[in-house]
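Please read the structure below before turning to the comments.
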Amino acid sequence: MPPFTVPENVQQDGSVACEKPGSLARGPGAKALTMEERFSLEANRRQPSSLRSLVAEFAGAKDVVSLAGGLPPPSLFPIASLSAKLTDGTEVSLSEPARSQQYNTVLRGFPSLLSWCSELTARLHRPAGTYETLITNGSSHTLEMVLNLFLNPGDSFLVEQFHFPLTTEVFAPCRGFQPIAVAMDGEGILPDALEGTLAGLWSRGEALPKLLYTIPAGQNPTGASASPERRAALYEIARRYDLLIVEDDPYHMLRFPDGPDRLPGLSGLLPGYLSLDVDSRVVRVDTFSKCLAPGLRLGWVTAHPTAIAKLTMNVQAATTGPCSLTQGLVSDMLQAWGPQGFESFILNLQRVYAQRSQVLHDLCTLHLSDYAEWERPAGGMFLWMRLKGVDSALELWGDMRREGVVAVPGSTLSLKNSPPAPFLRLSFSQASDVEFEQFCLRLRRVLEARAGPALERQVDKLQV
Ligand SMILES: Cc1ncc(COP(=O)(O)O)c(C=O)c1O
């Protein structure tokens, strides 16, 4: 597990003192809300576009003469055919050029891609309840929609102490949502800390949060991955406090706990919270960004059908769905690969990330072990490093810039007002082996320069 220390702001109940939640209403053990009852005021007010729904309903219908839609005729579209050569040599040609240049008349997504995503979710996560899927523009898009679906201004939500800050830093302040951070270790949120946070809020008469936002595998930034036992414990607490769980899982397939020689492939991956979800409290957020390419801007969300229906209205109004051409091409690519081809592609990703993380780990061991500690990453894209004898990694920022090294200080990945943290997030996704070594040597110089005076002071004391 990555080395964690309990920072000063973790209170006795396990919550991380930063922000105050809003006002509240329901306590532990309360009857679970229905999905409709969970919706925010905005979501309740959201209606489908009647024009777009009508056009979608009759699009492609047989024996119906429709003069309803403002859809351009396919004969006027510019692209007659499109083909792509994949990096593994597979040739793909766009099978539905007309549909791929048309509006998304099937609102939940390009039909063949939608089926592919639902089938993969069923295979990997074996959902315990009834679910539907919606194609999105990736996780960032989905997360904003999902927070707005459930939270009203002033409502609180729970996050890992260190987390991908989009929800807390960007979305929450705009809407007045209140994030509450919970202490974590190398498996993510600590169940006792979660329980303590919730019980503490309740006993103080403060609002209980509505949802838990979690990154369950290869967490950004710490690399934490929750074991089945940890997931089961957190799920039980979520049930007791009737919390939704929003699992944002972009690193799900990037797992390599046993190194490059024993990769899990797809069949060895741990299923997400969806597999535990007997009462539809999980919203699962997937993206193609880390398993295919981020520039595709494609992802999918899986949740109870009532939630998916509302999210579909959101997509229908805001974007009319992701680019049809991209959806068509990605779908054709996945069909051309078939299940085996996709699995081989993922195996290669796992191998490359496992190798890169191993190289970075080894170089850190060689050059930095006097000054820092960390665990060999088992998934994701990040090595989470704790700097010894440093209160705040931010303090090193100037020196690091002068030496020409950049990594993300942990405190920028926690709530504002959090105390200083001695952590750095090192990404092993892009740099070369040579650059990894340069990084380690330069960071060592920074840390040596800092530690030097400290050592001298100790010697001075001994001499006195
Ligand atoms: C945890 C997490 N969620 C979401 C995203 C954004 O994903 P997308 O490209 O699908 O918007 C990232 C990207 O780094 C991430 O680390």
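For the structure tokens, the naming scheme is as follows: chains receive sequential letters (A, B, ...) according to their order of presentation, residues are indexed from 1 within each chain, and ligands are indexed from 1 in presentation order.
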
Could you give me, as CSV, every chain A residue with an atom at most 8 Å from ligand 1, plus its closest atom pair and distance in Å to one decimal, counting only C-alpha atoms and all ligand atoms, rows ordered by chain then number?
residue,atom,partner,partner_atom_place_in_ligand_line,distance
A:Asn137,CA,ligand 1,10 (O),7.1
A:Gly138,CA,ligand 1,10 (O),3.5
A:Ser139,CA,ligand 1,10 (O),3.6
A:Ser140,CA,ligand 1,11 (O),3.7
A:His141,CA,ligand 1,11 (O),6.2
A:Thr142,CA,ligand 1,11 (O),7.8
A:Leu143,CA,ligand 1,4 (C),7.8
A:His163,CA,ligand 1,1 (C),7.4
A:Phe164,CA,ligand 1,1 (C),5.2
A:Leu166,CA,ligand 1,4 (C),7.7
A:Ile215,CA,ligand 1,1 (C),5.8
A:Gln219,CA,ligand 1,1 (C),6.6
A:Asn220,CA,ligand 1,16 (O),5.2
A:Pro221,CA,ligand 1,16 (O),7.6
A:Asp248,CA,ligand 1,3 (N),5.7
A:Asp249,CA,ligand 1,1 (C),6.5
A:Pro250,CA,ligand 1,2 (C),5.9
A:Tyr251,CA,ligand 1,1 (C),7.6
A:Asp286,CA,ligand 1,10 (O),7.3
A:Thr287,CA,ligand 1,10 (O),4.6
A:Phe288,CA,ligand 1,10 (O),6.5
A:Ser289,CA,ligand 1,9 (O),4.8
A:Lys290,CA,ligand 1,9 (O),7.4
A:Pro294,CA,ligand 1,9 (O),5.2
A:Gly295,CA,ligand 1,9 (O),7.8
A:Arg297,CA,ligand 1,9 (O),6.5
A:Leu298,CA,ligand 1,10 (O),6.8
A:Gly299,CA,ligand 1,10 (O),6.1

Taking N, CA and C atoms for each residue, export the selection above as a PDB file, in the first residue's frame.
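To be explicit, this is the file written out as part_22.pdb:
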ATOM      1  N   ASN A 137     -19.830  12.080 -23.634  1.00  0.00           N
ATOM      2  CA  ASN A 137     -18.578  12.638 -24.165  1.00  0.00           C
ATOM      3  C   ASN A 137     -17.394  12.389 -23.232  1.00  0.00           C
ATOM      4  N   GLY A 138     -17.470  11.353 -22.438  1.00  0.00           N
ATOM      5  CA  GLY A 138     -16.360  11.032 -21.533  1.00  0.00           C
ATOM      6  C   GLY A 138     -16.733  11.330 -20.088  1.00  0.00           C
ATOM      7  N   SER A 139     -15.814  10.991 -19.191  1.00  0.00           N
ATOM      8  CA  SER A 139     -16.144  11.060 -17.758  1.00  0.00           C
ATOM      9  C   SER A 139     -16.353  12.487 -17.256  1.00  0.00           C
ATOM     10  N   SER A 140     -15.581  13.432 -17.761  1.00  0.00           N
ATOM     11  CA  SER A 140     -15.746  14.805 -17.254  1.00  0.00           C
ATOM     12  C   SER A 140     -17.176  15.268 -17.511  1.00  0.00           C
ATOM     13  N   HIS A 141     -17.624  15.021 -18.734  1.00  0.00           N
ATOM     14  CA  HIS A 141     -18.990  15.370 -19.112  1.00  0.00           C
ATOM     15  C   HIS A 141     -19.993  14.652 -18.214  1.00  0.00           C
ATOM     16  N   THR A 142     -19.770  13.349 -18.022  1.00  0.00           N
ATOM     17  CA  THR A 142     -20.711  12.564 -17.227  1.00  0.00           C
ATOM     18  C   THR A 142     -20.752  13.061 -15.786  1.00  0.00           C
ATOM     19  N   LEU A 143     -19.572  13.350 -15.231  1.00  0.00           N
ATOM     20  CA  LEU A 143     -19.540  13.725 -13.809  1.00  0.00           C
ATOM     21  C   LEU A 143     -20.311  15.017 -13.573  1.00  0.00           C
ATOM     22  N   HIS A 163      -7.878  13.351  -4.461  1.00  0.00           N
ATOM     23  CA  HIS A 163      -8.782  12.916  -5.538  1.00  0.00           C
ATOM     24  C   HIS A 163      -8.542  13.747  -6.795  1.00  0.00           C
ATOM     25  N   PHE A 164      -9.089  13.246  -7.913  1.00  0.00           N
ATOM     26  CA  PHE A 164      -9.113  14.005  -9.169  1.00  0.00           C
ATOM     27  C   PHE A 164     -10.041  15.203  -8.922  1.00  0.00           C
ATOM     28  N   LEU A 166     -11.692  17.614 -10.402  1.00  0.00           N
ATOM     29  CA  LEU A 166     -12.696  18.256 -11.263  1.00  0.00           C
ATOM     30  C   LEU A 166     -14.016  18.515 -10.520  1.00  0.00           C
ATOM     31  N   ILE A 215     -13.052   6.913  -6.873  1.00  0.00           N
ATOM     32  CA  ILE A 215     -12.292   6.383  -8.014  1.00  0.00           C
ATOM     33  C   ILE A 215     -11.736   5.048  -7.509  1.00  0.00           C
ATOM     34  N   GLN A 219      -6.419   4.646  -8.430  1.00  0.00           N
ATOM     35  CA  GLN A 219      -6.983   5.972  -8.170  1.00  0.00           C
ATOM     36  C   GLN A 219      -6.053   7.101  -8.610  1.00  0.00           C
ATOM     37  N   ASN A 220      -6.630   8.115  -9.167  1.00  0.00           N
ATOM     38  CA  ASN A 220      -5.930   9.351  -9.469  1.00  0.00           C
ATOM     39  C   ASN A 220      -6.151  10.272  -8.268  1.00  0.00           C
ATOM     40  N   PRO A 221      -5.155  10.556  -7.461  1.00  0.00           N
ATOM     41  CA  PRO A 221      -3.727  10.516  -7.732  1.00  0.00           C
ATOM     42  C   PRO A 221      -2.944   9.404  -7.028  1.00  0.00           C
ATOM     43  N   ASP A 248     -16.245   6.488 -10.509  1.00  0.00           N
ATOM     44  CA  ASP A 248     -15.571   7.041 -11.691  1.00  0.00           C
ATOM     45  C   ASP A 248     -14.343   6.147 -11.897  1.00  0.00           C
ATOM     46  N   ASP A 249     -14.384   5.305 -12.931  1.00  0.00           N
ATOM     47  CA  ASP A 249     -13.415   4.203 -12.982  1.00  0.00           C
ATOM     48  C   ASP A 249     -12.600   4.173 -14.284  1.00  0.00           C
ATOM     49  N   PRO A 250     -11.919   5.306 -14.619  1.00  0.00           N
ATOM     50  CA  PRO A 250     -11.223   5.330 -15.915  1.00  0.00           C
ATOM     51  C   PRO A 250     -10.026   4.383 -15.986  1.00  0.00           C
ATOM     52  N   TYR A 251      -9.501   3.979 -14.801  1.00  0.00           N
ATOM     53  CA  TYR A 251      -8.291   3.147 -14.801  1.00  0.00           C
ATOM     54  C   TYR A 251      -8.619   1.677 -14.570  1.00  0.00           C
ATOM     55  N   ASP A 286     -17.821   5.358 -17.037  1.00  0.00           N
ATOM     56  CA  ASP A 286     -16.728   4.775 -17.831  1.00  0.00           C
ATOM     57  C   ASP A 286     -16.318   5.739 -18.931  1.00  0.00           C
ATOM     58  N   THR A 287     -15.093   5.568 -19.387  1.00  0.00           N
ATOM     59  CA  THR A 287     -14.592   6.425 -20.470  1.00  0.00           C
ATOM     60  C   THR A 287     -13.675   5.619 -21.386  1.00  0.00           C
ATOM     61  N   PHE A 288     -13.623   6.021 -22.642  1.00  0.00           N
ATOM     62  CA  PHE A 288     -12.643   5.431 -23.559  1.00  0.00           C
ATOM     63  C   PHE A 288     -11.302   6.169 -23.484  1.00  0.00           C
ATOM     64  N   SER A 289     -11.242   7.238 -22.663  1.00  0.00           N
ATOM     65  CA  SER A 289     -10.049   8.091 -22.673  1.00  0.00           C
ATOM     66  C   SER A 289      -8.772   7.347 -22.345  1.00  0.00           C
ATOM     67  N   LYS A 290      -8.826   6.449 -21.353  1.00  0.00           N
ATOM     68  CA  LYS A 290      -7.588   5.796 -20.931  1.00  0.00           C
ATOM     69  C   LYS A 290      -7.424   4.419 -21.567  1.00  0.00           C
ATOM     70  N   PRO A 294      -8.027   9.661 -25.445  1.00  0.00           N
ATOM     71  CA  PRO A 294      -8.839  10.726 -24.851  1.00  0.00           C
ATOM     72  C   PRO A 294      -9.460  11.675 -25.871  1.00  0.00           C
ATOM     73  N   GLY A 295      -8.779  11.837 -27.013  1.00  0.00           N
ATOM     74  CA  GLY A 295      -9.300  12.770 -28.013  1.00  0.00           C
ATOM     75  C   GLY A 295     -10.591  12.292 -28.672  1.00  0.00           C
ATOM     76  N   ARG A 297     -13.177  11.634 -27.097  1.00  0.00           N
ATOM     77  CA  ARG A 297     -14.223  12.221 -26.243  1.00  0.00           C
ATOM     78  C   ARG A 297     -15.461  11.331 -26.205  1.00  0.00           C
ATOM     79  N   LEU A 298     -15.248  10.107 -25.808  1.00  0.00           N
ATOM     80  CA  LEU A 298     -16.346   9.142 -25.705  1.00  0.00           C
ATOM     81  C   LEU A 298     -16.273   8.402 -24.375  1.00  0.00           C
ATOM     82  N   GLY A 299     -17.432   8.156 -23.827  1.00  0.00           N
ATOM     83  CA  GLY A 299     -17.512   7.349 -22.615  1.00  0.00           C
ATOM     84  C   GLY A 299     -18.927   6.832 -22.469  1.00  0.00           C
TER      85      GLY A 299
END

Among segment 214-411 of chain A, which residues does DSSP mark as helix (DSSP H, G or I) when it is run on the backbone? Keep the chain and numbering as in the structure and answer as a PyMOL selection string. chain A and resi 228-240+273-276+294-296+305-318+324-368+393-403+410-411

Could you give me, as JSON lines, every segment 303-328 of chain A residue with an atom at most 12 Å from segment 111-123 of chain A, plus its closest atom pair and distance in Å to one decimal, counting only C-alpha atoms, rows ordered by chain then number?
{"residue": "A:Ala303", "atom": "CA", "partner": "A:Ser118", "partner_atom": "CA", "distance": 10.9}
{"residue": "A:Gly321", "atom": "CA", "partner": "A:Leu114", "partner_atom": "CA", "distance": 11.9}
{"residue": "A:Pro322", "atom": "CA", "partner": "A:Leu113", "partner_atom": "CA", "distance": 11.5}
{"residue": "A:Ser324", "atom": "CA", "partner": "A:Leu113", "partner_atom": "CA", "distance": 10.4}
{"residue": "A:Leu325", "atom": "CA", "partner": "A:Leu113", "partner_atom": "CA", "distance": 11.6}
{"residue": "A:Thr326", "atom": "CA", "partner": "A:Leu113", "partner_atom": "CA", "distance": 10.3}
{"residue": "A:Gln327", "atom": "CA", "partner": "A:Leu113", "partner_atom": "CA", "distance": 6.7}
{"residue": "A:Gly328", "atom": "CA", "partner": "A:Leu113", "partner_atom": "CA", "distance": 7.4}

Would you mind exporting the chosen residues as a tab-separated table (two decimals), in the first residue's frame, restricted to all heavy atoms?
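Once written, again-v8.tsv looks like this:
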chain	number	residue	atom	x	y	z
A	303	ALA	N	-26.49	3.16	-15.08
A	303	ALA	CA	-27.23	3.45	-13.84
A	303	ALA	C	-28.66	2.94	-13.98
A	303	ALA	O	-29.05	2.39	-15.03
A	303	ALA	CB	-27.23	4.95	-13.56
A	321	GLY	N	-25.73	14.46	-28.12
A	321	GLY	CA	-24.89	13.25	-28.08
A	321	GLY	C	-23.53	13.49	-28.69
A	321	GLY	O	-23.32	14.46	-29.42
A	322	PRO	N	-22.59	12.60	-28.38
A	322	PRO	CA	-21.23	12.75	-28.93
A	322	PRO	C	-21.24	12.63	-30.46
A	322	PRO	O	-22.20	12.10	-31.04
A	322	PRO	CB	-20.46	11.59	-28.32
A	322	PRO	CG	-21.28	11.09	-27.19
A	322	PRO	CD	-22.69	11.42	-27.50
A	324	SER	N	-21.34	11.71	-34.06
A	324	SER	CA	-21.78	10.44	-34.65
A	324	SER	C	-20.65	9.76	-35.42
A	324	SER	O	-20.55	8.53	-35.45
A	324	SER	CB	-22.94	10.67	-35.63
A	324	SER	OG	-23.94	11.42	-35.05
A	325	LEU	N	-19.82	10.58	-36.07
A	325	LEU	CA	-18.74	10.01	-36.88
A	325	LEU	C	-17.76	9.24	-35.98
A	325	LEU	O	-17.34	8.12	-36.31
A	325	LEU	CB	-18.02	11.16	-37.60
A	325	LEU	CG	-17.12	10.80	-38.76
A	325	LEU	CD1	-17.87	10.07	-39.85
A	325	LEU	CD2	-16.49	12.08	-39.34
A	326	THR	N	-17.43	9.85	-34.86
A	326	THR	CA	-16.52	9.17	-33.93
A	326	THR	C	-17.17	7.91	-33.38
A	326	THR	O	-16.53	6.85	-33.30
A	326	THR	CB	-16.18	10.12	-32.75
A	326	THR	OG1	-15.81	11.36	-33.27
A	326	THR	CG2	-15.09	9.56	-31.89
A	327	GLN	N	-18.45	8.02	-33.03
A	327	GLN	CA	-19.13	6.84	-32.49
A	327	GLN	C	-19.14	5.72	-33.53
A	327	GLN	O	-18.90	4.55	-33.21
A	327	GLN	CB	-20.56	7.17	-32.09
A	327	GLN	CG	-20.67	8.13	-30.93
A	327	GLN	CD	-22.10	8.18	-30.42
A	327	GLN	OE1	-22.60	7.24	-29.82
A	327	GLN	NE2	-22.77	9.30	-30.66
A	328	GLY	N	-19.44	6.08	-34.80
A	328	GLY	CA	-19.52	5.07	-35.85
A	328	GLY	C	-18.17	4.41	-36.07
A	328	GLY	O	-18.05	3.18	-36.14

For Arg108 of chain A, which of A:Arg402, A:Glu160, A:Val278, A:Thr133 is the closest residue, counting only C-alpha atoms?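 Smallest separation from Arg108 of chain A among the options: A:Thr133.
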
Contacts of Asn152 of chain A within 9 Å, only C-alpha atoms, excl. fewer than 2 positions in-chain, as a ChimeraX atom specification: /A:39-42,147-150,154-156,175-177

For Leu263 of chain A, work out the shell of residues within 8 Å, counting only C-alpha atoms and skipping chain neighbours fewer than 4 positions away, then give it as a PDB file with N, CA, C and O atoms, in the first residue's frame.
ATOM      1  N   ARG A 255      -4.791  -2.408 -15.015  1.00  0.00           N
ATOM      2  CA  ARG A 255      -4.375  -3.064 -13.769  1.00  0.00           C
ATOM      3  C   ARG A 255      -3.185  -3.973 -14.056  1.00  0.00           C
ATOM      4  O   ARG A 255      -3.152  -4.654 -15.090  1.00  0.00           O
ATOM      5  N   PHE A 256      -2.222  -3.994 -13.132  1.00  0.00           N
ATOM      6  CA  PHE A 256      -1.052  -4.874 -13.312  1.00  0.00           C
ATOM      7  C   PHE A 256      -0.465  -5.176 -11.936  1.00  0.00           C
ATOM      8  O   PHE A 256       0.727  -4.951 -11.688  1.00  0.00           O
ATOM      9  N   PRO A 257      -1.295  -5.712 -11.019  1.00  0.00           N
ATOM     10  CA  PRO A 257      -0.815  -5.904  -9.646  1.00  0.00           C
ATOM     11  C   PRO A 257       0.365  -6.860  -9.553  1.00  0.00           C
ATOM     12  O   PRO A 257       1.163  -6.771  -8.619  1.00  0.00           O
ATOM     13  N   ASP A 258       0.499  -7.798 -10.513  1.00  0.00           N
ATOM     14  CA  ASP A 258       1.590  -8.775 -10.424  1.00  0.00           C
ATOM     15  C   ASP A 258       2.677  -8.507 -11.462  1.00  0.00           C
ATOM     16  O   ASP A 258       3.418  -9.422 -11.842  1.00  0.00           O
ATOM     17  N   GLY A 259       2.751  -7.273 -11.941  1.00  0.00           N
ATOM     18  CA  GLY A 259       3.819  -6.904 -12.865  1.00  0.00           C
ATOM     19  C   GLY A 259       3.550  -7.355 -14.292  1.00  0.00           C
ATOM     20  O   GLY A 259       2.531  -7.991 -14.583  1.00  0.00           O
ATOM     21  N   LEU A 347      -4.488  -5.897 -23.076  1.00  0.00           N
ATOM     22  CA  LEU A 347      -3.319  -6.598 -22.518  1.00  0.00           C
ATOM     23  C   LEU A 347      -2.032  -5.828 -22.815  1.00  0.00           C
ATOM     24  O   LEU A 347      -1.154  -5.715 -21.971  1.00  0.00           O
ATOM     25  N   GLN A 350      -1.855  -2.895 -20.528  1.00  0.00           N
ATOM     26  CA  GLN A 350      -1.454  -3.332 -19.181  1.00  0.00           C
ATOM     27  C   GLN A 350       0.050  -3.612 -19.144  1.00  0.00           C
ATOM     28  O   GLN A 350       0.744  -3.230 -18.210  1.00  0.00           O
ATOM     29  N   ARG A 351       0.544  -4.257 -20.203  1.00  0.00           N
ATOM     30  CA  ARG A 351       1.966  -4.602 -20.243  1.00  0.00           C
ATOM     31  C   ARG A 351       2.822  -3.324 -20.250  1.00  0.00           C
ATOM     32  O   ARG A 351       3.756  -3.183 -19.462  1.00  0.00           O
TER      33      ARG A 351
END

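Nearest residue to Val446 of chain A among A:Trp397, A:Trp300, A:Phe77, A:Phe428 is A:Trp397, counting only C-alpha atoms.
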
Counting only C-alpha atoms, figure out which residue out of A:Gly200, A:Pro48, A:Gly60, A:Gly223 gets nearest to Glu375 of chain A.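 Selected residue with least distance to Glu375 of chain A: A:Gly223.
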
Quick one: residues within 12 Å of Asp277 of chain A, only C-alpha atoms, excluding same-chain residues fewer than 2 positions away - as a compact mmCIF listing (two decimals) with N, CA and C atoms, in the first residue's frame?
# COMPACT_ATOMS: atom_id res chain seq x y z
N HIS A 125 -18.70 -6.31 -15.05
CA HIS A 125 -19.20 -5.90 -13.73
C HIS A 125 -20.40 -6.71 -13.24
N ARG A 126 -20.92 -7.56 -14.08
CA ARG A 126 -22.03 -8.43 -13.68
C ARG A 126 -23.02 -7.68 -12.77
N PRO A 127 -23.68 -6.64 -13.30
CA PRO A 127 -24.54 -5.81 -12.44
C PRO A 127 -25.58 -6.64 -11.69
N ALA A 128 -25.74 -6.31 -10.40
CA ALA A 128 -26.69 -7.06 -9.57
C ALA A 128 -28.11 -6.59 -9.81
N GLY A 129 -28.31 -5.37 -10.29
CA GLY A 129 -29.66 -4.84 -10.45
C GLY A 129 -29.98 -4.53 -11.90
N THR A 130 -31.05 -3.75 -12.10
CA THR A 130 -31.46 -3.36 -13.46
C THR A 130 -30.75 -2.07 -13.84
N TYR A 131 -30.11 -2.10 -15.00
CA TYR A 131 -29.34 -0.94 -15.41
C TYR A 131 -29.54 -0.63 -16.87
N ARG A 231 -14.55 -2.73 -0.65
CA ARG A 231 -15.73 -2.30 -1.41
C ARG A 231 -17.01 -2.71 -0.69
N ALA A 232 -17.00 -3.97 -0.19
CA ALA A 232 -18.22 -4.46 0.48
C ALA A 232 -18.50 -3.62 1.73
N LEU A 234 -17.62 -0.47 2.33
CA LEU A 234 -18.08 0.89 1.97
C LEU A 234 -19.51 0.83 1.43
N TYR A 235 -19.79 -0.23 0.68
CA TYR A 235 -21.15 -0.34 0.13
C TYR A 235 -22.18 -0.46 1.27
N GLU A 236 -21.82 -1.23 2.30
CA GLU A 236 -22.75 -1.41 3.43
C GLU A 236 -23.01 -0.08 4.12
N ALA A 238 -22.77 2.83 2.72
CA ALA A 238 -23.60 3.62 1.79
C ALA A 238 -25.07 3.23 1.92
N ARG A 239 -25.31 1.96 2.12
CA ARG A 239 -26.72 1.51 2.28
C ARG A 239 -27.30 2.08 3.58
N LEU A 243 -26.58 6.54 0.78
CA LEU A 243 -25.75 7.34 -0.13
C LEU A 243 -25.76 6.72 -1.52
N LEU A 244 -25.77 7.55 -2.52
CA LEU A 244 -25.45 7.05 -3.87
C LEU A 244 -23.94 6.87 -3.95
N ILE A 245 -23.50 5.93 -4.78
CA ILE A 245 -22.06 5.80 -5.04
C ILE A 245 -21.82 6.12 -6.51
N VAL A 246 -21.06 7.18 -6.75
CA VAL A 246 -20.69 7.51 -8.14
C VAL A 246 -19.28 6.95 -8.33
N GLU A 247 -19.17 5.84 -9.07
CA GLU A 247 -17.84 5.25 -9.26
C GLU A 247 -17.29 5.68 -10.61
N PRO A 271 -14.54 -6.63 -10.45
CA PRO A 271 -15.73 -5.87 -10.88
C PRO A 271 -15.96 -4.64 -10.00
N GLY A 272 -16.65 -3.65 -10.57
CA GLY A 272 -16.90 -2.40 -9.84
C GLY A 272 -18.04 -2.54 -8.84
N TYR A 273 -18.38 -1.41 -8.21
CA TYR A 273 -19.46 -1.40 -7.22
C TYR A 273 -20.79 -1.86 -7.81
N LEU A 274 -20.90 -1.74 -9.12
CA LEU A 274 -22.13 -2.17 -9.79
C LEU A 274 -22.46 -3.62 -9.47
N SER A 275 -21.41 -4.43 -9.29
CA SER A 275 -21.64 -5.86 -9.05
C SER A 275 -22.22 -6.10 -7.65
N ASP A 279 -29.51 -2.34 -4.68
CA ASP A 279 -30.62 -1.38 -4.61
C ASP A 279 -30.39 -0.10 -5.41
N SER A 280 -29.73 -0.26 -6.55
CA SER A 280 -29.63 0.83 -7.54
C SER A 280 -29.08 2.13 -6.99
N ARG A 281 -28.05 2.03 -6.15
CA ARG A 281 -27.48 3.28 -5.65
C ARG A 281 -26.15 3.60 -6.35
N VAL A 282 -25.77 2.77 -7.32
CA VAL A 282 -24.48 2.99 -7.99
C VAL A 282 -24.70 3.63 -9.36
N VAL A 283 -23.92 4.66 -9.61
CA VAL A 283 -23.85 5.25 -10.96
C VAL A 283 -22.42 5.00 -11.42
N ARG A 284 -22.30 4.20 -12.46
CA ARG A 284 -20.95 3.84 -12.92
C ARG A 284 -20.55 4.71 -14.12
N THR A 302 -23.57 4.08 -16.66
CA THR A 302 -24.49 2.97 -16.42
C THR A 302 -25.17 3.22 -15.08
N ALA A 303 -26.49 3.16 -15.08
CA ALA A 303 -27.23 3.45 -13.84
C ALA A 303 -28.66 2.94 -13.98
N HIS A 304 -29.42 3.14 -12.92
CA HIS A 304 -30.83 2.76 -12.94
C HIS A 304 -31.52 3.45 -14.13

If you count only C-alpha atoms, the residue of A:Pro305, A:Gly404, A:Pro339, A:Pro28 closest to Glu132 of chain A turns out to be A:Pro305

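Neighbouring residues of segment 431-438 of chain A at 9 Å or closer, counting only C-alpha atoms and skipping chain neighbours under 6 positions away, are Arg356, Val359, Leu360, Leu363, Cys364, His367 and Val405 of chain A.
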
Which residues are near Gly218 of chain A? Cut-off 8 Å, only C-alpha atoms, ignore same chain within fewer than 4 positions. Put them as a ChimeraX atom specification. /A:222-225,251-252,254-255,378-382

Once you have the residues from the selection above, write them out as a tab-separated table (two decimals), in the first residue's frame, restricted to C-alpha atoms.
chain	number	residue	atom	x	y	z
A	222	THR	CA	-2.71	7.85	-5.18
A	223	GLY	CA	-2.97	4.66	-7.28
A	224	ALA	CA	-5.18	3.19	-4.51
A	225	SER	CA	-7.36	0.24	-5.46
A	251	TYR	CA	-8.29	3.15	-14.80
A	252	HIS	CA	-10.36	-0.01	-14.37
A	254	LEU	CA	-5.19	-0.52	-16.47
A	255	ARG	CA	-4.37	-3.06	-13.77
A	378	ALA	CA	-0.40	-1.85	-9.26
A	379	GLY	CA	-2.60	0.05	-11.69
A	380	GLY	CA	-3.46	3.40	-13.21
A	381	MET	CA	-0.88	5.94	-14.33
A	382	PHE	CA	0.58	7.32	-11.13

Can you work out which one of A:Cys291, A:Ala80, A:Val352, A:Leu424 has the shortest atom-to-atom distance to Met253 of chain A, counting only C-alpha atoms?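 Nearest candidate to Met253 of chain A out of A:Cys291, A:Ala80, A:Val352, A:Leu424: A:Cys291.
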
Determine the nearest neighbour of Trp374 of chain A from the options A:Lys416, A:Arg401, A:Arg99, A:Arg425, counting only C-alpha atoms. A:Arg425

Among segment 68-256 of chain A, which residues does DSSP mark as strand (DSSP E) when it is run on the backbone? Keep the chain and numbering as in the structure and answer as a PyMOL selection string. chain A and resi 83-85+91-93+132-136+156-160+178-182+184-185+188-189+211-214+244-248
